[in-house]
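Presented below is the structure to which this report refers.
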2 protein chains.
Amino acid sequence: MKKLINDPSNVLADSLVGVAAAHPELRVDHVNRIIYRGTPTAGKVAVISGGGSGHEPLHGGFVGLGMLDAAIAGEVFTSPTPDQVQEATKGADGGAGVLHIVKNYTGDVMNFEMAAELAEADAGVRVETVVTNDDVAVEDSTWTAGRRGVGITVLLEKIVGAAAEEGRDLAAVAEIGRRVNASGRSMGMALTSCTVPSAGKPTFDLPDDMMEMGVGIHGEPGRHRVPLASASDIAAQLVEPILSDLDFTGGPTIVMLNGMGGSPLIELYLMYGEVARILESSGITIARNLVGNYITSLDMAGCSVTVLKADDDLLRLWDAPVNTAGLRWGI
Amino acid sequence: MKKLINDPSNVLADSLVGVAAAHPELRVDHVNRIIYRGTPTAGKVAVISGGGSGHEPLHGGFVGLGMLDAAIAGEVFTSPTPDQVQEATKGADGGAGVLHIVKNYTGDVMNFEMAAELAEADAGVRVETVVTNDDVAVEDSTWTAGRRGVGITVLLEKIVGAAAEEGRDLAAVAEIGRRVNASGRSMGMALTSCTVPSAGKPTFDLPDDMMEMGVGIHGEPGRHRVPLASASDIAAQLVEPILSDLDFTGGPTIVMLNGMGGSPLIELYLMYGEVARILESSGITIARNLVGNYITSLDMAGCSVTVLKADDDLLRLWDAPVNTAGLRWGI
């Protein structure tokens with residue numbers, strides 16, 4: 001295993017030291033592994049998220065004005081504990097309640113739910129939850145009942161963060177979150193496995209001439225293994241299941257071409273060109289786009305496509321100022 | 001070779017199609033492989049750069065307000081031709097002259113110099129050139145006489161772009177560029193090789209238990225191969241040669257922890273923590289920092305450190321608004 005780490009069992013803690021050093025504008029709770037935007041804003045709905053580490057910049061890189069108020073970091077590919085989430089829920093609340101954004105993985109859903117109950121019982125914090133489940137690849141998967149929550153989480157955190165910033169109440173913010181999730185679909189693929197530091201070896205074996213279509217963000221099996229193909233073939237194989245699942249014509253869309261962590265930007269832009277061409281020839285209007293590494297799987301090579309059916313309200317929230325390490329504009 | 005590409009000999013052209021699709025605010029000349037910010041701003045010094053592709057977001061990702069007016073893309077790891085550079089020089093000139101920012105590689109230096117002469121002779125464009133040579137690893141290298149130009153190029157393009165934006169003249173903008181280059185030092189390392197698409201196999205072999213210290217951004221040999229070490233050891237091995245080469249105490253610095261393309265963000269932040277600790281314990285004040293993939297080597301795993309001795313003027317230029325795909329703030 002070749003990684004820029006010290007003790008493989010200490011990667012998260014060590015990395016948070018670097019986050020704190022690089023971003024003095026954030027407040028890092030090293031005990032509970034929580035990255036806060038600062039102190040809570042009185043009267044503003046707090047938007048928080050979290051999950052296993054290894055998907056950076058998600059979620060910690062999205063803490064800041066216009067996006068998340070706090071991010072809770074579990075160990076690599078492991079849900080944060082209910083205690084951690086409860087601590088962040090109480091720590092981020094500014095009196096207007098807290099929205100939990102949870103990717104649909106069994107451990108995450110359970111731990112966030114338990115934390116919500118504890119924070120409500122213990123400190124009277126009102127919590128609403130949005131569970132993302134946008135991955136069209138498989139219905140159930142390792143660690144998931146139902147569809148997995150993947151790329152839409154990035155777009156949702158941006159849009160919901162903007163809604164909270166402009167003062168909408170908890171129910172309204174949660175409603176926008178659910179609408180974004182319901183209007184978004186994703187599909188991913190891997191050229192290589194990732195390697196979890198504490199495991200020390202690749203999560204799965206993938207022959208040199210094969211790729212995994214529909215892979216999960218932890219290297220969970222996808223739909224099928226198929227022979228390596230060209231970027232244009234890969235784009236077609238990613239886009240087709242998305243378009244079969246939801247009609248994206250008749251309005252603007254936001255499209256993300258996301259890297260899994262190990263694929264360079266020159267390839268991600270190339271893939272975006274292929275994806276955009278297919279979408280446009282299918283009568284879909286791309287109003288906004290995002291190309292780069294946003295929800296990753298450590299050092300996995302590969303990419304995913306997310307398409308979100310938008311409208312004027314969602315586009316306005318998308319364009320609103322955001323000031324985080326991972327996404328920044330209008331500021 | 002596992003890559004998200006079509007024809008290996010067409011990667012650059014295909015990727016520029018994606019850049020154009022993703023960034024309608026930019027103007028892409030697909031024939032000459034030039035990314036323009038738009039039409040020239042009359043009376044503003046134009047700042048342009050370029051080089052071999054495979055280092056994205058450098059340079060194309062830095063085209064926009066407050067940074068580059070144009071970027072010229074050569075084939076992967078290959079200098080753009082004099083014709084390409086001449087075309088960009090003429091195309092970006094707003095009448096106040098053009099600054100060429102060139103990384104010190106023999107082909108790049110020669111081709112930019114020829115292009116400057118042609119643009120001056122042909123269209124009367126005034127050109128000044130800043131050649132970066134911040135890499136402390138080796139004195140001469142494959143494709144280089146003298147030190148290689150690496151990470152400082154990113155910081156320099158930002159600072160010089162801001163100086164041009166505020167209306168300084170060509171001589172003044174070039175002078176700031178030379179001052180930044182003279183005040184910056186870098187050192188890089190690789191855990192793995194990269195693979196050039198047209199070659200189809202890794203550029204060099206690196207045993208599983210070894211790493212290359214002082215590697216160049218094309219996989220050129222560095223100072224020495226040493227056994228794999230911990231992040232804190234690697235940080236020490238990167239920082240020591242930088243601090244031995246220039247005194248960074250007594251004023252503010254800007255520090256970049258740059259990923260080579262294949263190392264995930266969780267590791268880059270971890271490395272930044274180690275580097276910041278060493279710098280601060282050496283009496284160096286870090287006023288600003290940048291952590292992420294900015295000057296890459298395709299899919300190489302590894303990182304580099306750049307330290308720039310700054311002052312109030314440079315910090316102000318650093319903080320000035322920038323609006324590009326790869327760096328964005330204050331806007």
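Here, A, B, ... name the chains of the structure tokens in the order displayed, residue numbers run from 1 inside each chain, and ligands are numbered from 1 in the same displayed order.
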Legend entry - range 118-123 of chain B environment, 8 Å, only C-alpha atoms, sequence neighbours closer than 5 positions dropped, as a VMD selection string: chain B and resid 86 to 87 89 to 90
With N, CA and C atoms retained, could you export that selection as a tab-separated table (two decimals), in the first residue's frame?
```tsv
chain	number	residue	atom	x	y	z
B	86	GLN	N	2.48	31.81	-30.57
B	86	GLN	CA	2.37	33.08	-31.29
B	86	GLN	C	0.90	33.47	-31.48
B	87	GLU	N	0.10	32.50	-31.86
B	87	GLU	CA	-1.33	32.74	-32.07
B	87	GLU	C	-1.98	33.27	-30.79
B	89	THR	N	-0.50	34.70	-28.26
B	89	THR	CA	0.09	35.99	-27.91
B	89	THR	C	-0.63	37.11	-28.65
B	90	LYS	N	-0.84	36.90	-29.93
B	90	LYS	CA	-1.55	37.91	-30.71
B	90	LYS	C	-3.03	37.97	-30.31
```
Per residue of chain A within 7 Å of chain B, note the shortest atom pair and the distance in Å to one decimal, counting only C-alpha atoms, and order the rows by chain and increasing residue number, as CSV.
```
residue,atom,partner,partner_atom,distance
A:Lys2,CA,B:Leu191,CA,6.2
A:Leu4,CA,B:Ala231,CA,5.1
A:Ile5,CA,B:Ala231,CA,4.7
A:Asn6,CA,B:Ser230,CA,4.7
A:Asp14,CA,B:Leu270,CA,5.5
A:Ser15,CA,B:Leu270,CA,3.8
A:Val17,CA,B:Gly273,CA,5.6
A:Gly18,CA,B:Gly273,CA,3.6
A:Val19,CA,B:Tyr269,CA,5.8
A:Ala21,CA,B:Gly273,CA,6.2
A:Ala22,CA,B:Asn289,CA,6.3
A:Gly54,CA,B:Ile266,CA,6.6
A:Glu56,CA,B:Leu265,CA,6.0
A:Pro57,CA,B:Leu265,CA,6.9
A:Leu191,CA,B:Lys2,CA,6.2
A:Ser230,CA,B:Asn6,CA,4.7
A:Ala231,CA,B:Ile5,CA,4.7
A:Ser232,CA,B:Asn6,CA,6.8
A:Gly261,CA,B:Pro264,CA,5.7
A:Gly262,CA,B:Gly262,CA,4.6
A:Ser263,CA,B:Asp299,CA,6.2
A:Pro264,CA,B:Leu298,CA,5.5
A:Leu265,CA,B:Glu56,CA,6.0
A:Ile266,CA,B:Ser15,CA,5.9
A:Glu267,CA,B:Leu4,CA,5.5
A:Tyr269,CA,B:Gly18,CA,4.7
A:Leu270,CA,B:Ser15,CA,3.8
A:Met271,CA,B:Leu4,CA,6.8
A:Tyr272,CA,B:Gly18,CA,5.3
A:Gly273,CA,B:Gly18,CA,3.6
A:Asn289,CA,B:Ala22,CA,6.3
A:Leu298,CA,B:Pro264,CA,5.5
A:Asp299,CA,B:Pro264,CA,5.6
A:Arg328,CA,B:Arg328,CA,6.5
A:Trp329,CA,B:Ile331,CA,6.6
A:Gly330,CA,B:Ile331,CA,5.4
A:Ile331,CA,B:Ile331,CA,4.9
```
Based on the selection just made, write N, CA, C and O atoms of those residues as a CSV table (one decimal), in the first residue's frame.
```
chain,number,residue,atom,x,y,z
A,2,LYS,N,0.7,2.1,-1.0
A,2,LYS,CA,1.5,3.3,-1.1
A,2,LYS,C,0.6,4.5,-0.8
A,2,LYS,O,-0.2,4.9,-1.7
A,4,LEU,N,0.2,8.5,1.5
A,4,LEU,CA,0.8,9.6,2.3
A,4,LEU,C,0.2,9.6,3.6
A,4,LEU,O,-0.6,10.5,3.9
A,5,ILE,N,0.6,8.6,4.5
A,5,ILE,CA,0.0,8.5,5.8
A,5,ILE,C,1.0,8.2,6.8
A,5,ILE,O,2.2,7.8,6.5
A,6,ASN,N,0.6,8.3,8.1
A,6,ASN,CA,1.5,7.8,9.2
A,6,ASN,C,0.9,6.4,9.6
A,6,ASN,O,1.0,5.5,8.8
A,14,ASP,N,-5.3,12.4,11.8
A,14,ASP,CA,-4.1,13.1,11.3
A,14,ASP,C,-4.6,14.1,10.2
A,14,ASP,O,-4.1,15.2,10.1
A,15,SER,N,-5.5,13.6,9.4
A,15,SER,CA,-6.0,14.5,8.3
A,15,SER,C,-6.8,15.7,8.8
A,15,SER,O,-6.6,16.8,8.3
A,17,VAL,N,-6.1,17.2,11.5
A,17,VAL,CA,-5.1,18.2,11.9
A,17,VAL,C,-4.7,19.1,10.8
A,17,VAL,O,-4.6,20.4,10.9
A,18,GLY,N,-4.6,18.5,9.6
A,18,GLY,CA,-4.3,19.3,8.4
A,18,GLY,C,-5.4,20.2,8.0
A,18,GLY,O,-5.2,21.4,7.6
A,19,VAL,N,-6.6,19.7,8.1
A,19,VAL,CA,-7.8,20.6,7.8
A,19,VAL,C,-7.8,21.8,8.7
A,19,VAL,O,-8.1,22.9,8.2
A,21,ALA,N,-5.3,23.2,10.3
A,21,ALA,CA,-4.2,24.1,9.9
A,21,ALA,C,-4.5,24.9,8.7
A,21,ALA,O,-4.2,26.0,8.6
A,22,ALA,N,-5.1,24.2,7.7
A,22,ALA,CA,-5.3,24.9,6.4
A,22,ALA,C,-6.5,25.9,6.4
A,22,ALA,O,-6.5,26.8,5.7
A,54,GLY,N,-13.1,9.3,3.4
A,54,GLY,CA,-12.6,8.7,2.2
A,54,GLY,C,-13.4,9.2,1.0
A,54,GLY,O,-13.1,8.8,-0.2
A,56,GLU,N,-13.7,12.7,0.4
A,56,GLU,CA,-13.4,14.1,0.3
A,56,GLU,C,-13.4,14.6,-1.1
A,56,GLU,O,-12.9,13.9,-2.0
A,57,PRO,N,-13.8,15.9,-1.3
A,57,PRO,CA,-14.2,16.9,-0.3
A,57,PRO,C,-15.5,16.6,0.4
A,57,PRO,O,-15.7,17.3,1.5
A,191,LEU,N,-12.6,2.1,-12.8
A,191,LEU,CA,-11.5,1.4,-13.6
A,191,LEU,C,-10.6,0.6,-12.7
A,191,LEU,O,-10.0,-0.4,-13.1
A,230,SER,N,-14.2,2.5,-24.5
A,230,SER,CA,-13.8,3.9,-24.7
A,230,SER,C,-14.6,4.8,-23.9
A,230,SER,O,-15.7,4.5,-23.4
A,231,ALA,N,-14.2,6.1,-23.7
A,231,ALA,CA,-14.9,7.1,-22.9
A,231,ALA,C,-16.3,7.3,-23.5
A,231,ALA,O,-17.3,7.4,-22.7
A,232,SER,N,-16.5,7.3,-24.8
A,232,SER,CA,-17.8,7.5,-25.3
A,232,SER,C,-18.7,6.3,-25.0
A,232,SER,O,-19.9,6.5,-24.7
A,261,GLY,N,-11.6,10.0,-7.6
A,261,GLY,CA,-10.4,10.3,-6.7
A,261,GLY,C,-9.1,10.0,-7.4
A,261,GLY,O,-8.1,10.8,-7.3
A,262,GLY,N,-9.0,9.0,-8.2
A,262,GLY,CA,-7.7,8.6,-8.9
A,262,GLY,C,-7.7,8.9,-10.3
A,262,GLY,O,-6.6,8.7,-11.0
A,263,SER,N,-8.7,9.5,-10.9
A,263,SER,CA,-8.7,9.9,-12.3
A,263,SER,C,-8.3,11.3,-12.5
A,263,SER,O,-9.0,12.2,-11.9
A,264,PRO,N,-7.4,11.6,-13.4
A,264,PRO,CA,-7.0,13.0,-13.5
A,264,PRO,C,-8.0,13.9,-14.3
A,264,PRO,O,-8.8,13.4,-15.0
A,265,LEU,N,-7.9,15.2,-14.1
A,265,LEU,CA,-8.9,16.2,-14.6
A,265,LEU,C,-8.9,16.1,-16.1
A,265,LEU,O,-10.0,16.3,-16.7
A,266,ILE,N,-7.8,15.8,-16.8
A,266,ILE,CA,-7.9,15.8,-18.3
A,266,ILE,C,-8.9,14.7,-18.7
A,266,ILE,O,-9.6,14.9,-19.7
A,267,GLU,N,-9.0,13.6,-18.0
A,267,GLU,CA,-9.9,12.6,-18.3
A,267,GLU,C,-11.3,12.9,-17.9
A,267,GLU,O,-12.3,12.6,-18.6
A,269,TYR,N,-12.7,15.9,-17.8
A,269,TYR,CA,-13.2,16.9,-18.8
A,269,TYR,C,-13.6,16.1,-20.1
A,269,TYR,O,-14.6,16.4,-20.7
A,270,LEU,N,-12.7,15.2,-20.5
A,270,LEU,CA,-13.0,14.4,-21.7
A,270,LEU,C,-14.3,13.7,-21.5
A,270,LEU,O,-15.2,13.7,-22.4
A,271,MET,N,-14.5,13.1,-20.3
A,271,MET,CA,-15.8,12.4,-20.0
A,271,MET,C,-17.0,13.3,-20.0
A,271,MET,O,-18.0,13.0,-20.5
A,272,TYR,N,-16.8,14.5,-19.5
A,272,TYR,CA,-17.9,15.5,-19.5
A,272,TYR,C,-18.3,15.8,-20.9
A,272,TYR,O,-19.5,15.9,-21.2
A,273,GLY,N,-17.3,16.0,-21.8
A,273,GLY,CA,-17.7,16.3,-23.2
A,273,GLY,C,-18.6,15.2,-23.8
A,273,GLY,O,-19.5,15.5,-24.4
A,289,ASN,N,-23.2,23.1,-14.7
A,289,ASN,CA,-22.4,21.8,-14.6
A,289,ASN,C,-21.3,21.9,-13.6
A,289,ASN,O,-20.9,23.1,-13.2
A,298,LEU,N,-11.6,7.4,-2.1
A,298,LEU,CA,-10.2,7.3,-1.9
A,298,LEU,C,-9.4,7.5,-3.2
A,298,LEU,O,-9.6,8.5,-3.9
A,299,ASP,N,-8.6,6.5,-3.6
A,299,ASP,CA,-7.8,6.6,-4.8
A,299,ASP,C,-8.4,5.8,-6.0
A,299,ASP,O,-7.7,5.5,-6.9
A,328,ARG,N,-16.9,27.1,-4.3
A,328,ARG,CA,-16.8,28.5,-3.9
A,328,ARG,C,-17.2,29.4,-5.1
A,328,ARG,O,-16.6,29.3,-6.2
A,329,TRP,N,-18.2,30.2,-5.0
A,329,TRP,CA,-18.5,31.2,-6.0
A,329,TRP,C,-19.5,32.3,-5.4
A,329,TRP,O,-20.0,32.1,-4.3
A,330,GLY,N,-19.5,33.4,-6.2
A,330,GLY,CA,-20.5,34.5,-5.8
A,330,GLY,C,-20.1,35.2,-4.5
A,330,GLY,O,-20.9,35.9,-4.0
A,331,ILE,N,-18.8,35.0,-4.1
A,331,ILE,CA,-18.5,35.5,-2.8
A,331,ILE,C,-17.2,36.4,-2.9
A,331,ILE,O,-16.4,36.1,-3.7
```
Inset, instruction - Name the residues in contact with range 33-48 of chain A at a cut-off of 8 Å, using only C-alpha atoms, excluding same-chain residues fewer than 6 positions from it; report them as a VMD selection string. - result: chain A and resid 13 16 25 to 27 60 63 to 65 67 to 74 84 88 to 89 91 to 101 157 160 to 161 164 to 165 167 to 170 173
Residues as selected, N, CA and C atoms, written as a short mmCIF file (atom, residue, chain, number, x, y, z; two decimals), in the first residue's frame, can you do that?
```cif
data_model
loop_
_atom_site.label_atom_id
_atom_site.label_comp_id
_atom_site.auth_asym_id
_atom_site.auth_seq_id
_atom_site.Cartn_x
_atom_site.Cartn_y
_atom_site.Cartn_z
N ALA A 13 -7.80 11.13 11.99
CA ALA A 13 -7.38 12.11 13.00
C ALA A 13 -6.25 12.98 12.46
N LEU A 16 -7.52 15.49 9.89
CA LEU A 16 -8.25 16.62 10.49
C LEU A 16 -7.30 17.67 11.06
N GLU A 25 -10.58 29.41 9.37
CA GLU A 25 -11.95 29.94 9.41
C GLU A 25 -12.94 28.89 9.90
N LEU A 26 -12.54 27.63 9.93
CA LEU A 26 -13.41 26.56 10.42
C LEU A 26 -13.03 26.21 11.85
N ARG A 27 -13.95 25.54 12.55
CA ARG A 27 -13.67 25.10 13.91
C ARG A 27 -13.72 23.58 13.89
N GLY A 60 -16.69 17.33 4.69
CA GLY A 60 -15.98 18.42 5.39
C GLY A 60 -15.60 19.58 4.49
N VAL A 63 -18.25 22.59 4.22
CA VAL A 63 -18.68 23.37 5.38
C VAL A 63 -18.31 24.83 5.15
N GLY A 64 -19.28 25.69 5.29
CA GLY A 64 -19.03 27.13 5.13
C GLY A 64 -20.30 27.84 4.70
N LEU A 65 -20.17 29.14 4.52
CA LEU A 65 -21.32 29.96 4.13
C LEU A 65 -22.03 29.38 2.91
N MET A 67 -23.58 26.53 2.57
CA MET A 67 -23.64 25.09 2.36
C MET A 67 -23.83 24.42 3.73
N LEU A 68 -22.85 23.71 4.27
CA LEU A 68 -23.06 23.00 5.53
C LEU A 68 -22.62 23.84 6.73
N ASP A 69 -23.33 23.63 7.85
CA ASP A 69 -22.93 24.24 9.12
C ASP A 69 -21.98 23.33 9.89
N ALA A 70 -22.06 22.04 9.62
CA ALA A 70 -21.15 21.10 10.26
C ALA A 70 -21.10 19.81 9.45
N ALA A 71 -19.96 19.14 9.53
CA ALA A 71 -19.80 17.82 8.91
C ALA A 71 -19.19 16.90 9.94
N ILE A 72 -19.76 15.70 10.03
CA ILE A 72 -19.28 14.72 11.00
C ILE A 72 -18.54 13.62 10.24
N ALA A 73 -17.31 13.36 10.66
CA ALA A 73 -16.47 12.41 9.94
C ALA A 73 -16.39 11.09 10.68
N GLY A 74 -16.91 10.03 10.08
CA GLY A 74 -16.67 8.68 10.58
C GLY A 74 -15.30 8.22 10.13
N GLN A 84 -21.41 11.05 18.03
CA GLN A 84 -20.79 12.11 17.22
C GLN A 84 -21.87 12.97 16.56
N ALA A 88 -22.81 17.02 17.08
CA ALA A 88 -22.84 18.00 15.99
C ALA A 88 -24.22 18.65 15.87
N THR A 89 -25.24 17.88 16.10
CA THR A 89 -26.61 18.39 15.99
C THR A 89 -26.83 19.48 17.04
N GLY A 91 -24.41 21.06 18.63
CA GLY A 91 -23.40 22.11 18.45
C GLY A 91 -23.72 23.08 17.32
N ALA A 92 -24.48 22.61 16.33
CA ALA A 92 -24.76 23.45 15.16
C ALA A 92 -26.08 24.20 15.27
N ASP A 93 -26.94 23.74 16.18
CA ASP A 93 -28.29 24.33 16.25
C ASP A 93 -28.26 25.79 16.68
N GLY A 94 -28.92 26.61 15.89
CA GLY A 94 -29.03 28.03 16.25
C GLY A 94 -30.44 28.37 16.70
N GLY A 95 -31.20 27.33 17.10
CA GLY A 95 -32.54 27.54 17.63
C GLY A 95 -33.64 27.34 16.60
N ALA A 96 -33.26 27.23 15.32
CA ALA A 96 -34.26 27.08 14.25
C ALA A 96 -34.34 25.64 13.75
N GLY A 97 -33.62 24.75 14.43
CA GLY A 97 -33.65 23.35 14.04
C GLY A 97 -32.50 22.97 13.13
N VAL A 98 -32.37 21.67 12.94
CA VAL A 98 -31.22 21.12 12.21
C VAL A 98 -31.71 20.15 11.15
N LEU A 99 -31.18 20.31 9.94
CA LEU A 99 -31.46 19.34 8.88
C LEU A 99 -30.30 18.35 8.80
N HIS A 100 -30.63 17.07 8.89
CA HIS A 100 -29.64 16.00 8.67
C HIS A 100 -29.71 15.57 7.21
N ILE A 101 -28.59 15.60 6.53
CA ILE A 101 -28.52 15.04 5.17
C ILE A 101 -27.74 13.73 5.27
N GLU A 157 -26.60 19.36 -0.94
CA GLU A 157 -26.01 20.15 0.15
C GLU A 157 -25.84 21.61 -0.27
N VAL A 160 -29.68 23.15 -0.61
CA VAL A 160 -30.34 23.23 0.69
C VAL A 160 -29.61 24.24 1.58
N GLY A 161 -28.29 24.27 1.46
CA GLY A 161 -27.51 25.25 2.22
C GLY A 161 -27.91 26.68 1.86
N ALA A 164 -31.33 27.49 3.41
CA ALA A 164 -31.21 27.81 4.84
C ALA A 164 -30.62 29.20 5.02
N GLU A 165 -29.66 29.53 4.17
CA GLU A 165 -29.00 30.83 4.27
C GLU A 165 -29.98 31.98 4.07
N GLY A 167 -32.97 32.06 4.97
CA GLY A 167 -33.89 32.19 6.09
C GLY A 167 -35.15 31.34 6.02
N ARG A 168 -35.21 30.39 5.10
CA ARG A 168 -36.39 29.52 5.07
C ARG A 168 -36.41 28.65 6.34
N ASP A 169 -37.60 28.21 6.72
CA ASP A 169 -37.69 27.44 7.97
C ASP A 169 -37.38 25.96 7.74
N LEU A 170 -37.30 25.22 8.84
CA LEU A 170 -36.83 23.83 8.78
C LEU A 170 -37.67 22.98 7.84
N VAL A 173 -36.88 23.96 4.23
CA VAL A 173 -35.55 23.52 3.82
C VAL A 173 -35.54 22.01 3.56
#
```
Step one, run DSSP on the backbone; step two, keep only residues of range 109-234 of chain A assigned to strand (DSSP E or B); then write them as a compact mmCIF listing (two decimals) with N, CA, C and O atoms, in the first residue's frame.
```
# COMPACT_ATOMS: atom_id res chain seq x y z
N VAL A 127 -35.20 18.24 14.64
CA VAL A 127 -34.40 17.69 13.54
C VAL A 127 -35.32 17.19 12.43
O VAL A 127 -36.33 16.54 12.70
N GLU A 128 -34.98 17.53 11.21
CA GLU A 128 -35.59 16.90 10.04
C GLU A 128 -34.48 16.17 9.29
O GLU A 128 -33.31 16.57 9.37
N THR A 129 -34.87 15.14 8.56
CA THR A 129 -33.86 14.33 7.87
C THR A 129 -34.22 14.17 6.40
O THR A 129 -35.37 13.92 6.08
N VAL A 130 -33.22 14.33 5.56
CA VAL A 130 -33.37 13.98 4.15
C VAL A 130 -32.38 12.85 3.86
O VAL A 130 -31.19 13.00 4.11
N VAL A 131 -32.88 11.73 3.38
CA VAL A 131 -32.02 10.61 3.01
C VAL A 131 -31.89 10.60 1.48
O VAL A 131 -32.90 10.60 0.78
N THR A 132 -30.65 10.64 1.00
CA THR A 132 -30.45 10.61 -0.46
C THR A 132 -30.36 9.17 -0.95
O THR A 132 -29.79 8.30 -0.28
N ASP A 135 -28.77 6.60 -6.60
CA ASP A 135 -27.94 5.72 -7.43
C ASP A 135 -28.82 4.70 -8.16
O ASP A 135 -29.38 3.79 -7.54
N SER A 141 -27.81 -3.25 -2.01
CA SER A 141 -26.37 -3.39 -2.19
C SER A 141 -25.74 -3.76 -0.85
O SER A 141 -26.40 -3.77 0.17
N THR A 144 -26.65 -1.55 2.13
CA THR A 144 -27.78 -0.67 1.80
C THR A 144 -29.03 -1.46 1.50
O THR A 144 -28.99 -2.41 0.72
N GLY A 184 -33.14 13.80 -8.79
CA GLY A 184 -31.76 13.53 -9.20
C GLY A 184 -31.47 12.06 -9.34
O GLY A 184 -32.03 11.22 -8.61
N ARG A 185 -30.62 11.72 -10.27
CA ARG A 185 -30.21 10.33 -10.49
C ARG A 185 -28.72 10.28 -10.79
O ARG A 185 -28.18 11.19 -11.43
N SER A 186 -28.07 9.20 -10.36
CA SER A 186 -26.63 9.06 -10.57
C SER A 186 -26.28 7.63 -10.99
O SER A 186 -27.02 6.69 -10.71
N MET A 187 -25.12 7.52 -11.61
CA MET A 187 -24.57 6.20 -11.94
C MET A 187 -23.05 6.35 -12.01
O MET A 187 -22.54 7.32 -12.57
N GLY A 188 -22.34 5.38 -11.41
CA GLY A 188 -20.88 5.47 -11.34
C GLY A 188 -20.20 4.26 -11.93
O GLY A 188 -20.84 3.24 -12.21
N MET A 189 -18.89 4.38 -12.13
CA MET A 189 -18.11 3.25 -12.64
C MET A 189 -16.67 3.34 -12.13
O MET A 189 -16.20 4.42 -11.77
N ALA A 190 -16.03 2.19 -12.08
CA ALA A 190 -14.65 2.14 -11.59
C ALA A 190 -13.75 1.45 -12.61
O ALA A 190 -14.12 0.43 -13.19
N THR A 195 -8.10 1.48 -2.08
CA THR A 195 -7.45 0.74 -0.99
C THR A 195 -7.73 1.47 0.32
O THR A 195 -7.32 2.62 0.49
N PRO A 202 -6.23 -3.63 -1.93
CA PRO A 202 -7.40 -3.20 -2.68
C PRO A 202 -8.68 -3.87 -2.19
O PRO A 202 -8.67 -5.05 -1.82
N MET A 210 -10.93 -5.15 -17.53
CA MET A 210 -12.34 -5.06 -17.13
C MET A 210 -12.60 -3.77 -16.35
O MET A 210 -11.70 -3.19 -15.75
N MET A 211 -13.86 -3.35 -16.33
CA MET A 211 -14.28 -2.23 -15.48
C MET A 211 -15.59 -2.60 -14.80
O MET A 211 -16.29 -3.52 -15.23
N GLU A 212 -15.90 -1.90 -13.71
CA GLU A 212 -17.10 -2.21 -12.91
C GLU A 212 -18.12 -1.10 -13.13
O GLU A 212 -17.90 0.04 -12.72
N MET A 213 -19.24 -1.43 -13.77
CA MET A 213 -20.28 -0.43 -14.03
C MET A 213 -21.28 -0.43 -12.89
O MET A 213 -21.76 -1.48 -12.48
N HIS A 224 -22.65 -4.81 -13.31
CA HIS A 224 -21.92 -5.85 -14.01
C HIS A 224 -20.50 -5.40 -14.32
O HIS A 224 -20.21 -4.22 -14.36
N ARG A 225 -19.67 -6.41 -14.50
CA ARG A 225 -18.33 -6.15 -14.98
C ARG A 225 -18.32 -6.33 -16.47
O ARG A 225 -18.85 -7.32 -16.97
N VAL A 226 -17.74 -5.37 -17.14
CA VAL A 226 -17.71 -5.45 -18.59
C VAL A 226 -16.30 -5.13 -19.07
O VAL A 226 -15.50 -4.56 -18.32
N PRO A 227 -15.99 -5.51 -20.30
CA PRO A 227 -14.65 -5.20 -20.82
C PRO A 227 -14.43 -3.69 -20.86
O PRO A 227 -15.37 -2.92 -21.08
```
Inset, instruction - Could you tell me how far CA of Gly66 in chain A lies from CA of Ala172 in chain A, in Å and to one decimal? - result: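 These atoms are spaced 15.9 Å apart.
Interatomic distance, CA of Gly177 in chain A against CA of Trp318 in chain A: 12.5 Å.
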Legend entry - Two-atom distance - CA of Lys103 in chain A, CA of Asp140 in chain A (Å):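 Separation of CA of Lys103 in chain A and CA of Asp140 in chain A: 13.7 Å.
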Inset, instruction - Once DSSP has gone over the backbone, tell me which residues of range 14-197 of chain B are in helix (DSSP H, G or I), as a PyMOL selection string. - result: chain B and resi 14-22+60-62+82-92+106-123+152-165+170-182
Legend entry - Which of A:Asp134, A:Asp247, A:Asp108, A:Asp83 sits closest to Val31 in chain A [using only C-alpha atoms]: A:Asp83
Legend entry - Closest of B:Ala115, B:Ala174, B:Ala236, B:Leu243 to Ile278 in chain B - atom-to-atom distances counting only C-alpha atoms: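 The answer is B:Ala236, which sits nearest to Ile278 in chain B.
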Legend entry - All residues 9 Å or closer to Leu317 in chain B, only C-alpha atoms, same chain fewer than 5 positions away omitted, as a list in words: Lys158, Ile159, Val160, Gly161, Ala162, Ala163 and Asp312 of chain B
